[in-house]
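Shown next, in structure tokens, is the structure this report addresses.
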Amino acid sequence: MKTKKSLDELMKKNSRGKRATGASSKSARDMAEEPVRWNLRLYVAGQTPRSLTAFANLKRFCDEQLAGRYQIEVVDLLKRPELAEGDQVVALPTLVRKLPEPIKRIVGDLSNTERVMVGMDLKPLANI
Amino acid sequence: MNVRAEEFQTLDAPRRGVVSAAMARGAGRIQAGSNRLKAASKRNGEPPSRLSKVATGIIGFDEITGGGLPKGRPTLVCGSAGCGKSLFAMEFLVRGAMQFNEPGVLLTFEETAEEIKKNVASLGFDIDDLIRRKKLWIDYVRVERSEIEENGEYDLEGLLVRMRHAIKKVKAKRVVMDTIEALFSGLMNQGILRSEIRRLFGWLKEQGMTTVITGERGEGQLTRQGLEEYVSDCVVLLDHRVVGQISTRRLRVVKYRGSTHGTNEYPFLIDEEGFSVLPITGAWMDYEVSDRRHSTGLRELDVLLGGKGLYQGSTVLLSGSAGTGKTSVAAQLAHATCASGGRCLYFSFEESPPQIMRNMQSVGLRLQRHVRRGLLQFHSTRPAVHGLEMHLVRMHKLVERFDPSVVIVDPISNLETAGTQFDSTNMLLRLVDFLRKRRTTAFLISLTGTSQSSESTVEGISSMVDTWLLLRDVEVGGERNRLMYVLKSRGMAHSNQVREFLITSRGISLVEPYLGQGGVLTGSARLSQEAREAAEKQRYAEEARRLELALHHRRLAVEAQIAALRAGFKAEEEEFARVATAAKLREETAATDRAAMSRSRRVMATIRTKANHIHLTEDR
């Protein structure tokens with residue numbers, strides 16, 4: 001229960017925090033390119049070690065690559081199983097990039113950052 | 001007894017009778033089988049009576065599996081593309097929800113819910129209604145490799161979550177996954193996939209879900225992805241074969257752990273009522289027979305058949321070459337059956353119903369009124385319109401629905417065009433078995449080619465018919481005439497006579513043909529022979545009359561002669577009498593004379609004496 005609570009808090013904090021940083025970083029990045037708002041959704045089922053790993057990996061990745069312009073929504077399917085159908089979740093954990101379009105899906109604990117970048121279209125495969 | 005009781009538990013009630021009879025026969029085998037079963041279950045620590053089954057509601061399938069699919073366990077239904085495995089699974093769900101009040105969950109990996117609704121709407125299943133009433137839950141699971149990037153460890157908990165959610169929503173008892181193989185193409189990590197699928201099945205078993213998973217047929221193994229390794233309880237194989245441009249679907253229960261099951265390949269078909277499996281009903285010849293007889297509709301033919309006609313529920317074969325009046329005989333039977341209040345089902349593979357009715361009117365049979373009264377049904381199809389199996393199932397269904405006492409198939413020889421002769425014989429065997437079991441009289445018409453011997457072409461089924469009537473035509477004196485005889489008829493004293501078969505505007509009649517020196521005479525030959533005979537008879541009669549007259553005259557003459565003789569004799573007699581009288585008279589006269597004479601002599605003597613005395617005295 002402790003871990004669960006902490007994760008929940010963590011998630012809330014992060015979402016809030018990122019939203020805040022995102023807002024602030026927008027102005028900072030104004031000149032570089034049009035800021036793209038990233039809307040990510042991570043599906044998990046309970047506080048399994050794998051869920052936690054995935055979340056940690058995702059957060060680290062976002063902080064590195066998308067600092068300030070992302071939003072992570074964590075969906076616990078044990079609590080809201082009806083949401084699984086909408087995003088065609090089969091494997092867990094699943095990361096869904098809702099925005100920017102097109103929708104992208106990555107399954108797994110996101111342990112390979114390079115591949116996450118490819119999967120999220122942040123880096124062309126050839127450049128790896 | 002114990003064993004049988006246990007076996008019974010695996011069957012659902014309505015089919016018990018059928019199988020129990022079968023089991024009674026094969027009791028020894030089953031006993032041995034269930035001993036093995038017991039031994040096996042001891043290892044598993046589970047008594048065999050635990051194996052209960054869930055009826056699928058699929059026509060025929062529950063029969064061959066002795067009750068349906070193993071309850072609370074997964075079953076693999078595999079086959080190549082288009083073999084009907086999805087429909088099997090879908091029907092299992094829908095019938096479960098509709099007939100057995102067992103709600104179901106469908107996880108579809110290939111088709112969307114909308115597509116599935118459309119697919120089964122043609123079978124009369126209202127999926128929307130079932131979903132509304134919470135009897136069915138359809139979840140379309142889309143797994144597209146191009147949309148999924150794999151990164152690190154994962155599991156299939158998402159699928160499980162969805163399944164759990166669906167099962168909870170409708171309180172499901174049945175689950176279908178069609179087809180889980182899509183996961184293998186959508187996800188790359190086979191190791192994870194396989195262990196997760198195993199976990200999924202384990203979980204489903206734990207939940208007591210009767211599950212059907214479908215799988216595509218693979219090379220050298222049952223399914224492409226080797227799904228059979230996860231499903232060890234029951235495997236059903238569907239097959240779709242095309243022979244001679246006509247397709248036949250077949251089903252086989254490859255494996256059914258802890259249960260006896262039919263191991264044959266059973267033909268099945270998919271029609272407007274869904275899936276139907278056809279058990280070959282001839283496995284046990286345990287049908288009961290009837291002593292009741294019914295007329296053939298031809299009084300003279302009944303006489304040939306021991307005077308009482310056919311046995312109810314017997315199989316009758318009527319064979320003959322073209323134009324010998326086979327259909328007319330059949331129509332006569334139909335007419336007689338309907339006239340006595342029975343129902344008759346007429347399958348025609350050559351003529352349309354109006355055509356048959358019109359043609360039969362020409363021999364004085366008004367079949368329309370029987371059709372109007374609902375006692376006679378015609379079904380006309382072309383034999384090649386679908387495979388034999390389809391024909392058989394259609395016949396099964398129509399017979400079950402109409403419940404006739406007589407079924408006519410006109411002609412069976414045509415069915416060969418829808419398959420090989422072997423297949424058609426096989427199919428007929430099953431049809432006959434089915435009808436015998438129902439105690440429905442089967443009247444099969446077979447057309448024999450003109451060049452062939454009338455007794456050769458139907459050898460395939462001739463051994464299974466009870467009564468074989470033969471129609472033949474003989475060509476004599478520039479005309480063709482029909483002959484009928486009873487080639488065989490089991491269980492009755494039937495005539496060995498050949499009858500001439502006449503089709504007139506007032507109906508059919510059988511007349512005794514003329515049996516003369518030149519063999520059997522029919523038609524005009526018979527008529528002329530009869531006329532000749534009549535003339536001869538007359539001549540004889542006249543001759544006799546003439547002779548009689550002559551005799552009469554002779555008698556008269558003789559009598560006259562006798563009279564003349566007698567008259568002559570009488571004259572002679574009279575003459576004789578006259579002579580005799582005369583003689584007598586003469587004698588009498590003579591006597592009188594003599595007396596008179598003697599008297600006179602005496603007088604004279606006296607006189608003489610006196611004279612003498614006188615003389616003497618005178619002398620002295």
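Starting from 1 in every chain, residues are counted up; chains themselves are A, B, ... following the order of the structure tokens, and ligands are numbered from 1 as listed.
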Next item on the list: List every residue of segment 97-279 of chain B that DSSP, applied to the backbone, labels as alpha helix (DSSP H), and write the result as a ChimeraX atom specification.
Entry: /B:97-99,113-121,127-132,157-170,182-186,190-206
Next item on the list: May I have the residues within 12 Å of Ser462 of chain B as JSON, numbers by chain, using only C-alpha atoms and disregarding those fewer than 5 positions away in the same chain?
Entry: {"B": [315, 316, 317, 318, 319, 425, 428, 429, 432, 444, 445, 446, 454, 455, 456, 457, 467, 468, 469, 470, 487, 488, 489]}
Which residues of chain B come within 10 Å of chain A, and for each one, what is the closest pair of atoms and their distance in Å to one decimal, counting only C-alpha atoms, sorted by chain and residue number, as a tab-separated table?
residue	atom	partner	partner_atom	distance
B:Asp139	CA	A:Glu85	CA	7.4
B:Tyr140	CA	A:Glu85	CA	7.9
B:Val141	CA	A:Gln88	CA	6.2
B:Arg142	CA	A:Gln88	CA	6.0
B:Val143	CA	A:Gln88	CA	7.6
B:Glu144	CA	A:Gln88	CA	9.8
B:Arg145	CA	A:Arg105	CA	9.9
B:Ser146	CA	A:Arg105	CA	9.4
B:Glu147	CA	A:Arg105	CA	6.1
B:Ile148	CA	A:Arg105	CA	5.0
B:Glu149	CA	A:Ile106	CA	4.4
B:Glu150	CA	A:Val107	CA	4.9
B:Asn151	CA	A:Gly108	CA	4.7
B:Gly152	CA	A:Gly108	CA	4.6
B:Glu153	CA	A:Gly108	CA	4.7
B:Tyr154	CA	A:Gly108	CA	4.4
B:Asp155	CA	A:Ala91	CA	5.3
B:Leu156	CA	A:Ala91	CA	4.2
B:Glu157	CA	A:Leu92	CA	5.7
B:Gly158	CA	A:Val90	CA	4.3
B:Leu159	CA	A:Val90	CA	4.6
B:Leu160	CA	A:Val90	CA	8.0
B:Val161	CA	A:Pro81	CA	6.0
B:Arg162	CA	A:Pro81	CA	6.3
B:Met163	CA	A:Pro81	CA	9.3
B:Arg164	CA	A:Pro81	CA	8.4
B:His165	CA	A:Pro81	CA	6.1
B:Ala166	CA	A:Glu82	CA	8.7
B:Leu183	CA	A:Val90	CA	9.0
B:Leu187	CA	A:Ala91	CA	9.0
B:Leu193	CA	A:Ala91	CA	9.5
B:Glu196	CA	A:Ala91	CA	9.8
If we count only C-alpha atoms and set the cut-off at 8 Å, which residues sit around Met427 of chain B, ignoring sequence neighbours fewer than 4 positions away in its own chain? Please answer as an mmCIF file with N, CA and C atoms, in the first residue's frame.
data_model
loop_
_atom_site.group_PDB
_atom_site.id
_atom_site.type_symbol
_atom_site.label_atom_id
_atom_site.label_comp_id
_atom_site.auth_asym_id
_atom_site.auth_seq_id
_atom_site.Cartn_x
_atom_site.Cartn_y
_atom_site.Cartn_z
ATOM 1 N N LEU B 388 -23.318 -33.616 -51.254
ATOM 2 C CA LEU B 388 -24.195 -34.641 -50.705
ATOM 3 C C LEU B 388 -24.520 -34.380 -49.245
ATOM 4 N N GLU B 389 -23.516 -33.880 -48.544
ATOM 5 C CA GLU B 389 -23.713 -33.651 -47.115
ATOM 6 C C GLU B 389 -24.813 -32.635 -46.901
ATOM 7 N N LEU B 392 -28.028 -34.169 -47.469
ATOM 8 C CA LEU B 392 -28.394 -35.032 -46.354
ATOM 9 C C LEU B 392 -28.922 -34.204 -45.185
ATOM 10 N N ASP B 423 -19.530 -41.965 -52.330
ATOM 11 C CA ASP B 423 -20.083 -40.950 -51.435
ATOM 12 C C ASP B 423 -21.594 -41.002 -51.402
ATOM 13 N N LEU B 431 -28.881 -41.840 -44.729
ATOM 14 C CA LEU B 431 -30.274 -41.386 -44.826
ATOM 15 C C LEU B 431 -31.218 -42.525 -44.439
#
Next item on the list: Could you check which of A:Met117, A:Asn57, A:Arg69, A:Glu64 is closest to Val36 of chain A, using only C-alpha atoms?
Entry: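 For Val36 of chain A, the nearest of the given residues is A:Arg69.
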Check: Do you have the atom CA of Ser528 of chain B-atom CA of Gly478 of chain B distance handy?
Finding: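 Atom CA of Gly478 of chain B lies at a distance of 13.6 Å from atom CA of Ser528 of chain B.
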Skip Gln361 of chain B itself and residues of its chain fewer than 6 positions away, then list as an mmCIF file with N, CA and C atoms, in the first residue's frame all residues within 12 Å of it, counting only C-alpha atoms.
data_model
loop_
_atom_site.group_PDB
_atom_site.id
_atom_site.type_symbol
_atom_site.label_atom_id
_atom_site.label_comp_id
_atom_site.auth_asym_id
_atom_site.auth_seq_id
_atom_site.Cartn_x
_atom_site.Cartn_y
_atom_site.Cartn_z
ATOM 1 N N SER B 328 -44.756 -42.659 -61.120
ATOM 2 C CA SER B 328 -46.184 -42.925 -60.946
ATOM 3 C C SER B 328 -46.426 -43.834 -59.754
ATOM 4 N N ALA B 331 -45.912 -41.784 -56.717
ATOM 5 C CA ALA B 331 -47.030 -40.865 -56.498
ATOM 6 C C ALA B 331 -48.229 -41.614 -55.940
ATOM 7 N N GLN B 332 -48.382 -42.838 -56.392
ATOM 8 C CA GLN B 332 -49.476 -43.663 -55.895
ATOM 9 C C GLN B 332 -49.305 -43.922 -54.398
ATOM 10 N N HIS B 335 -50.053 -40.772 -52.573
ATOM 11 C CA HIS B 335 -51.500 -40.577 -52.540
ATOM 12 C C HIS B 335 -52.143 -41.456 -51.472
ATOM 13 N N PRO B 354 -44.867 -28.599 -59.356
ATOM 14 C CA PRO B 354 -46.031 -28.468 -60.248
ATOM 15 C C PRO B 354 -45.988 -29.477 -61.396
ATOM 16 N N GLN B 355 -44.776 -29.744 -61.855
ATOM 17 C CA GLN B 355 -44.623 -30.698 -62.952
ATOM 18 C C GLN B 355 -45.070 -32.090 -62.525
ATOM 19 N N LEU B 367 -52.805 -34.857 -56.592
ATOM 20 C CA LEU B 367 -51.950 -34.674 -55.422
ATOM 21 C C LEU B 367 -52.105 -33.287 -54.809
ATOM 22 N N GLN B 368 -52.674 -32.365 -55.595
ATOM 23 C CA GLN B 368 -52.790 -30.991 -55.111
ATOM 24 C C GLN B 368 -53.550 -30.903 -53.795
ATOM 25 N N ARG B 369 -54.597 -31.704 -53.697
ATOM 26 C CA ARG B 369 -55.410 -31.565 -52.484
ATOM 27 C C ARG B 369 -54.642 -32.021 -51.243
ATOM 28 N N ILE B 503 -50.421 -48.375 -66.946
ATOM 29 C CA ILE B 503 -50.704 -47.015 -66.499
ATOM 30 C C ILE B 503 -51.849 -46.500 -67.346
ATOM 31 N N THR B 504 -52.962 -46.280 -66.707
ATOM 32 C CA THR B 504 -54.126 -45.799 -67.444
ATOM 33 C C THR B 504 -54.530 -44.441 -66.887
ATOM 34 N N SER B 505 -55.484 -43.815 -67.568
ATOM 35 C CA SER B 505 -55.911 -42.499 -67.111
ATOM 36 C C SER B 505 -56.645 -42.589 -65.778
ATOM 37 N N ARG B 506 -57.009 -43.796 -65.380
ATOM 38 C CA ARG B 506 -57.684 -43.931 -64.099
ATOM 39 C C ARG B 506 -56.752 -44.477 -63.023
ATOM 40 N N GLY B 507 -55.504 -44.569 -63.365
ATOM 41 C CA GLY B 507 -54.567 -45.034 -62.355
ATOM 42 C C GLY B 507 -53.742 -46.200 -62.852
#
Notebook entry, point to check: Looking only at the backbone, which of the residues in segment 250-303 of chain B does DSSP tag as strand (DSSP E or B), as a ChimeraX atom specification?
Noted result: /B:250-256,265-271,274-277,293-294
Residues at most 6 Å from Leu40 of chain A, counting only C-alpha atoms, excluding those fewer than 3 positions away in the same chain, as an mmCIF file with N, CA and C atoms, in the first residue's frame?
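Below is the file selection.cif, written as the result:
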data_model
loop_
_atom_site.group_PDB
_atom_site.id
_atom_site.type_symbol
_atom_site.label_atom_id
_atom_site.label_comp_id
_atom_site.auth_asym_id
_atom_site.auth_seq_id
_atom_site.Cartn_x
_atom_site.Cartn_y
_atom_site.Cartn_z
ATOM 1 N N GLN A 71 3.051 15.701 -20.498
ATOM 2 C CA GLN A 71 2.081 15.418 -19.450
ATOM 3 C C GLN A 71 1.907 13.910 -19.405
ATOM 4 N N ILE A 72 2.083 13.331 -18.251
ATOM 5 C CA ILE A 72 1.936 11.873 -18.132
ATOM 6 C C ILE A 72 0.686 11.559 -17.324
ATOM 7 N N VAL A 96 1.149 5.030 -24.272
ATOM 8 C CA VAL A 96 0.460 5.519 -25.461
ATOM 9 C C VAL A 96 0.741 7.007 -25.604
ATOM 10 N N ARG A 97 1.225 7.366 -26.787
ATOM 11 C CA ARG A 97 1.422 8.791 -27.054
ATOM 12 C C ARG A 97 0.148 9.296 -27.711
ATOM 13 N N LYS A 98 -0.643 10.001 -26.917
ATOM 14 C CA LYS A 98 -1.903 10.517 -27.449
ATOM 15 C C LYS A 98 -1.627 11.743 -28.325
#
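Taking atom CA of Val329 of chain B and atom CA of Asp433 of chain B as the two end points, the separation is 23.1 Å.
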Margin query: For a test of reading the model, state the distance in Å between atom CA of Gly96 of chain B and atom CA of Arg174 of chain B, rounded to one decimal.
Written below: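 According to the coordinates, atom CA of Gly96 of chain B and atom CA of Arg174 of chain B are separated by 7.7 Å.
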Check: Using only C-alpha atoms, which residues sit within 8 Å of Thr296 of chain B once same-chain residues fewer than 4 positions away are excluded, as a list in words?
Finding: Leu301, Asp302, Gly309, Leu310, Gln332, Leu333 and Ala336 of chain B
